[in-house]
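Engineer: Take a look at work_7.cif, mmCIF, C-alpha atoms:
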```cif
data_query
#
loop_
_atom_site.group_PDB
_atom_site.id
_atom_site.type_symbol
_atom_site.label_atom_id
_atom_site.label_comp_id
_atom_site.auth_asym_id
_atom_site.auth_seq_id
_atom_site.Cartn_x
_atom_site.Cartn_y
_atom_site.Cartn_z
ATOM 1 C CA MET H 1113 64.017 194.347 99.452
ATOM 2 C CA SER H 1114 61.182 191.870 99.109
ATOM 3 C CA ASN H 1115 57.792 192.747 97.698
ATOM 4 C CA SER H 1116 56.194 192.238 101.113
ATOM 5 C CA GLU H 1117 58.151 195.081 102.658
ATOM 6 C CA THR H 1118 56.762 198.558 102.687
ATOM 7 C CA VAL H 1119 58.413 201.015 100.337
ATOM 8 C CA LYS H 1120 59.053 204.289 102.123
ATOM 9 C CA ILE H 1121 60.003 207.435 100.255
ATOM 10 C CA ASN H 1122 61.115 210.687 101.853
ATOM 11 C CA ILE H 1123 59.995 213.370 99.403
ATOM 12 C CA LYS H 1124 61.702 216.679 100.132
ATOM 13 C CA PRO H 1125 59.425 219.768 100.055
ATOM 14 C CA ALA H 1126 60.756 221.157 96.754
ATOM 15 C CA ALA H 1127 60.269 217.790 95.044
ATOM 16 C CA ALA H 1128 56.803 217.359 96.563
ATOM 17 C CA ASP H 1129 55.781 220.767 95.211
ATOM 18 C CA LYS H 1130 57.107 219.872 91.768
ATOM 19 C CA ILE H 1131 55.087 216.637 91.687
ATOM 20 C CA LYS H 1132 51.931 218.125 93.248
ATOM 21 C CA ASP H 1133 51.939 220.939 90.662
ATOM 22 C CA GLN H 1134 51.340 218.267 87.980
ATOM 23 C CA ILE H 1135 48.596 216.279 89.737
ATOM 24 C CA LYS H 1136 44.847 216.802 89.688
ATOM 25 C CA ASP H 1137 42.579 215.502 92.450
ATOM 26 C CA GLY H 1138 42.088 211.750 92.302
ATOM 27 C CA GLN H 1139 45.117 211.038 90.158
ATOM 28 C CA VAL H 1140 47.749 208.491 91.143
ATOM 29 C CA VAL H 1141 51.490 208.537 90.601
ATOM 30 C CA LEU H 1142 53.696 205.648 89.534
ATOM 31 C CA LEU H 1143 57.383 205.398 90.297
ATOM 32 C CA SER H 1144 58.348 203.667 87.073
ATOM 33 C CA LEU H 1145 61.508 202.705 85.270
ATOM 34 C CA ASN H 1146 62.165 204.780 82.164
ATOM 35 C CA ASP H 1147 64.553 202.400 80.439
ATOM 36 C CA GLY H 1148 62.439 200.858 77.686
ATOM 37 C CA SER H 1149 61.273 197.996 79.912
ATOM 38 C CA ASN H 1150 57.603 198.954 80.331
ATOM 39 C CA LYS H 1151 54.665 200.635 78.622
ATOM 40 C CA TYR H 1152 55.412 204.000 80.262
ATOM 41 C CA SER H 1153 59.021 204.264 79.093
ATOM 42 C CA ASP H 1154 59.519 206.990 76.558
ATOM 43 C CA ILE H 1155 63.017 205.914 75.598
ATOM 44 C CA GLY H 1156 64.003 202.806 73.692
ATOM 45 C CA GLY H 1157 65.648 199.819 75.271
ATOM 46 C CA SER H 1158 69.296 200.493 75.966
ATOM 47 C CA CYS H 1159 72.058 199.888 78.436
ATOM 48 C CA SER H 1160 70.397 202.318 80.839
ATOM 49 C CA ALA H 1161 68.313 199.508 82.352
ATOM 50 C CA GLY H 1162 67.511 200.200 85.966
ATOM 51 C CA SER H 1163 69.205 203.569 86.129
ATOM 52 C CA ARG H 1164 66.450 205.855 84.873
ATOM 53 C CA PHE H 1165 63.216 206.543 86.686
ATOM 54 C CA GLN H 1166 60.152 208.676 86.140
ATOM 55 C CA PHE H 1167 56.987 209.620 87.923
ATOM 56 C CA VAL H 1168 53.998 208.789 85.730
ATOM 57 C CA ILE H 1169 50.704 210.538 86.495
ATOM 58 C CA LEU H 1170 47.573 208.535 85.707
ATOM 59 C CA ASN H 1171 43.847 209.041 86.179
ATOM 60 C CA GLU H 1172 43.486 205.573 87.695
ATOM 61 C CA GLN H 1173 45.758 202.988 89.229
ATOM 62 C CA ASP H 1174 47.525 200.496 86.965
ATOM 63 C CA PRO H 1175 47.123 196.958 88.374
ATOM 64 C CA ASP H 1176 50.687 196.154 87.236
ATOM 65 C CA PHE H 1177 51.908 198.752 89.740
ATOM 66 C CA SER H 1178 50.483 197.155 92.860
ATOM 67 C CA ILE H 1179 53.035 198.145 95.503
ATOM 68 C CA GLU H 1180 51.861 201.196 97.400
ATOM 69 C CA THR H 1181 54.542 203.423 98.857
ATOM 70 C CA GLU H 1182 54.511 205.291 102.114
ATOM 71 C CA ASN H 1183 55.605 208.875 101.682
ATOM 72 C CA ASN H 1184 55.630 212.029 103.725
ATOM 73 C CA ALA H 1185 54.026 214.148 100.962
ATOM 74 C CA GLY H 1186 50.600 212.493 101.176
ATOM 75 C CA LEU H 1187 50.764 211.331 97.562
ATOM 76 C CA LYS H 1188 49.332 208.082 96.202
ATOM 77 C CA ILE H 1189 52.500 206.613 94.709
ATOM 78 C CA TYR H 1190 52.728 203.045 93.449
ATOM 79 C CA THR H 1191 55.562 201.003 92.015
ATOM 80 C CA SER H 1192 55.852 197.503 90.561
ATOM 81 C CA PRO H 1193 57.901 194.395 91.331
ATOM 82 C CA ALA H 1194 60.132 195.145 88.301
ATOM 83 C CA GLU H 1195 61.213 198.465 89.849
ATOM 84 C CA MET H 1196 61.817 196.976 93.289
ATOM 85 C CA GLN H 1197 65.061 195.295 92.278
ATOM 86 C CA TYR H 1198 66.617 198.736 91.697
ATOM 87 C CA LEU H 1199 65.314 200.434 94.841
ATOM 88 C CA GLY H 1200 67.244 200.213 98.088
ATOM 89 C CA ASN H 1201 66.447 201.456 101.575
ATOM 90 C CA ASP H 1202 65.998 205.066 102.671
ATOM 91 C CA LEU H 1203 64.637 206.346 99.353
ATOM 92 C CA VAL H 1204 64.774 210.116 98.976
ATOM 93 C CA VAL H 1205 63.383 212.323 96.212
ATOM 94 C CA ASP H 1206 64.930 215.781 96.118
ATOM 95 C CA VAL H 1207 65.458 218.672 93.723
ATOM 96 C CA LYS H 1208 68.992 219.759 92.943
ATOM 97 C CA ASN H 1209 69.855 222.298 90.258
ATOM 98 C CA ALA H 1210 66.221 222.199 89.029
ATOM 99 C CA ALA H 1211 66.434 218.430 88.417
ATOM 100 C CA MET H 1212 64.677 215.843 90.531
ATOM 101 C CA SER H 1213 66.844 213.090 91.946
ATOM 102 C CA LEU H 1214 66.083 209.667 93.405
ATOM 103 C CA SER H 1215 68.576 208.211 95.839
ATOM 104 C CA ASP H 1216 68.817 205.461 98.430
ATOM 105 C CA ASP H 1217 71.247 204.524 101.149
ATOM 106 C CA SER H 1218 73.833 203.488 98.532
ATOM 107 C CA GLY H 1219 73.773 206.809 96.647
ATOM 108 C CA VAL H 1220 72.040 208.471 93.712
ATOM 109 C CA ILE H 1221 69.935 206.097 91.610
ATOM 110 C CA ASP H 1222 68.842 208.712 89.046
ATOM 111 C CA GLY H 1223 69.825 212.379 89.030
ATOM 112 C CA ALA H 1224 67.259 213.382 86.403
ATOM 113 C CA VAL H 1225 63.878 211.892 87.309
ATOM 114 C CA THR H 1226 61.127 213.139 85.015
ATOM 115 C CA ILE H 1227 57.384 213.618 85.461
ATOM 116 C CA ASN H 1228 55.154 212.366 82.667
ATOM 117 C CA LYS H 1229 51.379 212.614 82.363
ATOM 118 C CA ARG H 1230 49.511 209.852 80.552
#
```
Give the structure from this file in structure tokens form.

Structural biologist:
Amino acid sequence: MSNSETVKINIKPAAADKIKDQIKDGQVVLLSLNDGSNKYSDIGGSCSAGSRFQFVILNEQDPDFSIETENNAGLKIYTSPAEMQYLGNDLVVDVKNAAMSLSDDSGVIDGAVTINKR
């Protein structure tokens, strides 16, 4: 997927509720790697590169995360070029067994997506 394409995310209702419960008006959400590769990662660098994701809630947009996503939950979600290489088509965020998952048309990308406020 090139950076010029639109990122579309289908956020299932249970996942949307889980994210919206954490957001205040005016805040933005980042879909960010959580593998030690950026300033929002809360784990050290390891062999998990590209396989762990998180939603990061911020009071204002981070210019490094310049790719706006289209989603059916009405959320302002942005990602960055670094994340794009791990995201395929038909992205879906869902909740299974109380854990949030991120998947694409090739399967589950991360079965334990976290939400972190900054």

Engineer: Which one is closest to Asp1222 of chain H: H:Val1141, H:Val1119, H:Leu1187, H:Val1205? Count all atoms listed in the file.

Structural biologist: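 Nearest to Asp1222 of chain H: H:Val1205.
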
Engineer: Excluding same-chain residues fewer than 5 positions from Ala1126 of chain H, what lies within 10 Å of it counting all atoms listed in the file, as an mmCIF file with C-alpha atoms, keeping the file's coordinate frame?

Structural biologist:
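Dumped to selection-v7.cif:
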```
data_model
loop_
_atom_site.group_PDB
_atom_site.id
_atom_site.type_symbol
_atom_site.label_atom_id
_atom_site.label_comp_id
_atom_site.auth_asym_id
_atom_site.auth_seq_id
_atom_site.Cartn_x
_atom_site.Cartn_y
_atom_site.Cartn_z
ATOM 1 C CA ILE H 1131 55.087 216.637 91.687
ATOM 2 C CA LYS H 1132 51.931 218.125 93.248
ATOM 3 C CA VAL H 1205 63.383 212.323 96.212
ATOM 4 C CA ASP H 1206 64.930 215.781 96.118
ATOM 5 C CA VAL H 1207 65.458 218.672 93.723
ATOM 6 C CA LYS H 1208 68.992 219.759 92.943
ATOM 7 C CA ALA H 1210 66.221 222.199 89.029
ATOM 8 C CA MET H 1212 64.677 215.843 90.531
#
```

Engineer: Counting all atoms listed in the file, write as a list in words all protein and nucleic acid residues lying at most 10 Å from (54.9, 197.6, 96.5) in the file's frame.

Structural biologist: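 Final list of nearby residues, as requested, is Ser1114, Asn1115, Ser1116, Glu1117, Thr1118, Val1119, Lys1120, Phe1177, Ser1178, Ile1179, Glu1180, Thr1181, Glu1182, Ile1189, Tyr1190, Thr1191, Ser1192, Pro1193, Glu1195 and Met1196 of chain H.
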
Engineer: Since I can't run it myself right now, could you work out what the PyMOL selection byres ((chain H and resi 1168) around 8) selects here and report it as an MDAnalysis selection string?

Structural biologist: chainID H and resid 1141:1144 1152 1166:1167 1169:1170 1227:1230

Engineer: Within 7 Å of (63.7, 208.4, 88.0), in the coordinates the file gives, what residues turn up when you count all atoms listed in the file, written out as a list in words?

Structural biologist: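 The residues that fall inside the cut-off are Leu1145, Arg1164, Phe1165, Gln1166, Phe1167, Ser1213, Leu1214, Asp1222, Ala1224, Val1225 and Thr1226 of chain H.
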
Engineer: Restricting the calculation to all atoms listed in the file, which member of H:Pro1125, H:Gly1148, H:Gly1138, H:Gly1223 is positioned closest to Asn1171 of chain H?

Structural biologist: H:Gly1138

Engineer: What does the distance between atom CA of Ala1185 of chain H and atom CA of Asp1133 of chain H come to in Å, to one decimal place?

Structural biologist: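 Computing it gives 12.5 Å between the two atoms.
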
Engineer: Mind giving me the straight-line distance from atom CA of Ile1123 of chain H to atom CA of Ser1149 of chain H in Å, one decimal?

Structural biologist: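 Atom-to-atom, atom CA of Ile1123 of chain H and atom CA of Ser1149 of chain H are spaced 24.9 Å apart.
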
Engineer: Work out how far apart atom CA of Ile1221 of chain H and atom CA of Asn1184 of chain H are and give it in Å to one decimal.

Structural biologist: 19.7 Å

Engineer: Once the PyMOL selection byres ((chain H and resi 1200) around 6) has been applied to the shown file, what residues remain in the selection, as a PyMOL selection string?

Structural biologist: chain H and resi 1199+1201+1216

Engineer: From the options H:Gln1139, H:Asn1146, H:Ser1163, H:Ser1153, which residue's atoms come nearest to Gly1219 of chain H, counting all atoms listed in the file?

Structural biologist: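 Answer, going by the shortest atom-to-atom distance: H:Ser1163.
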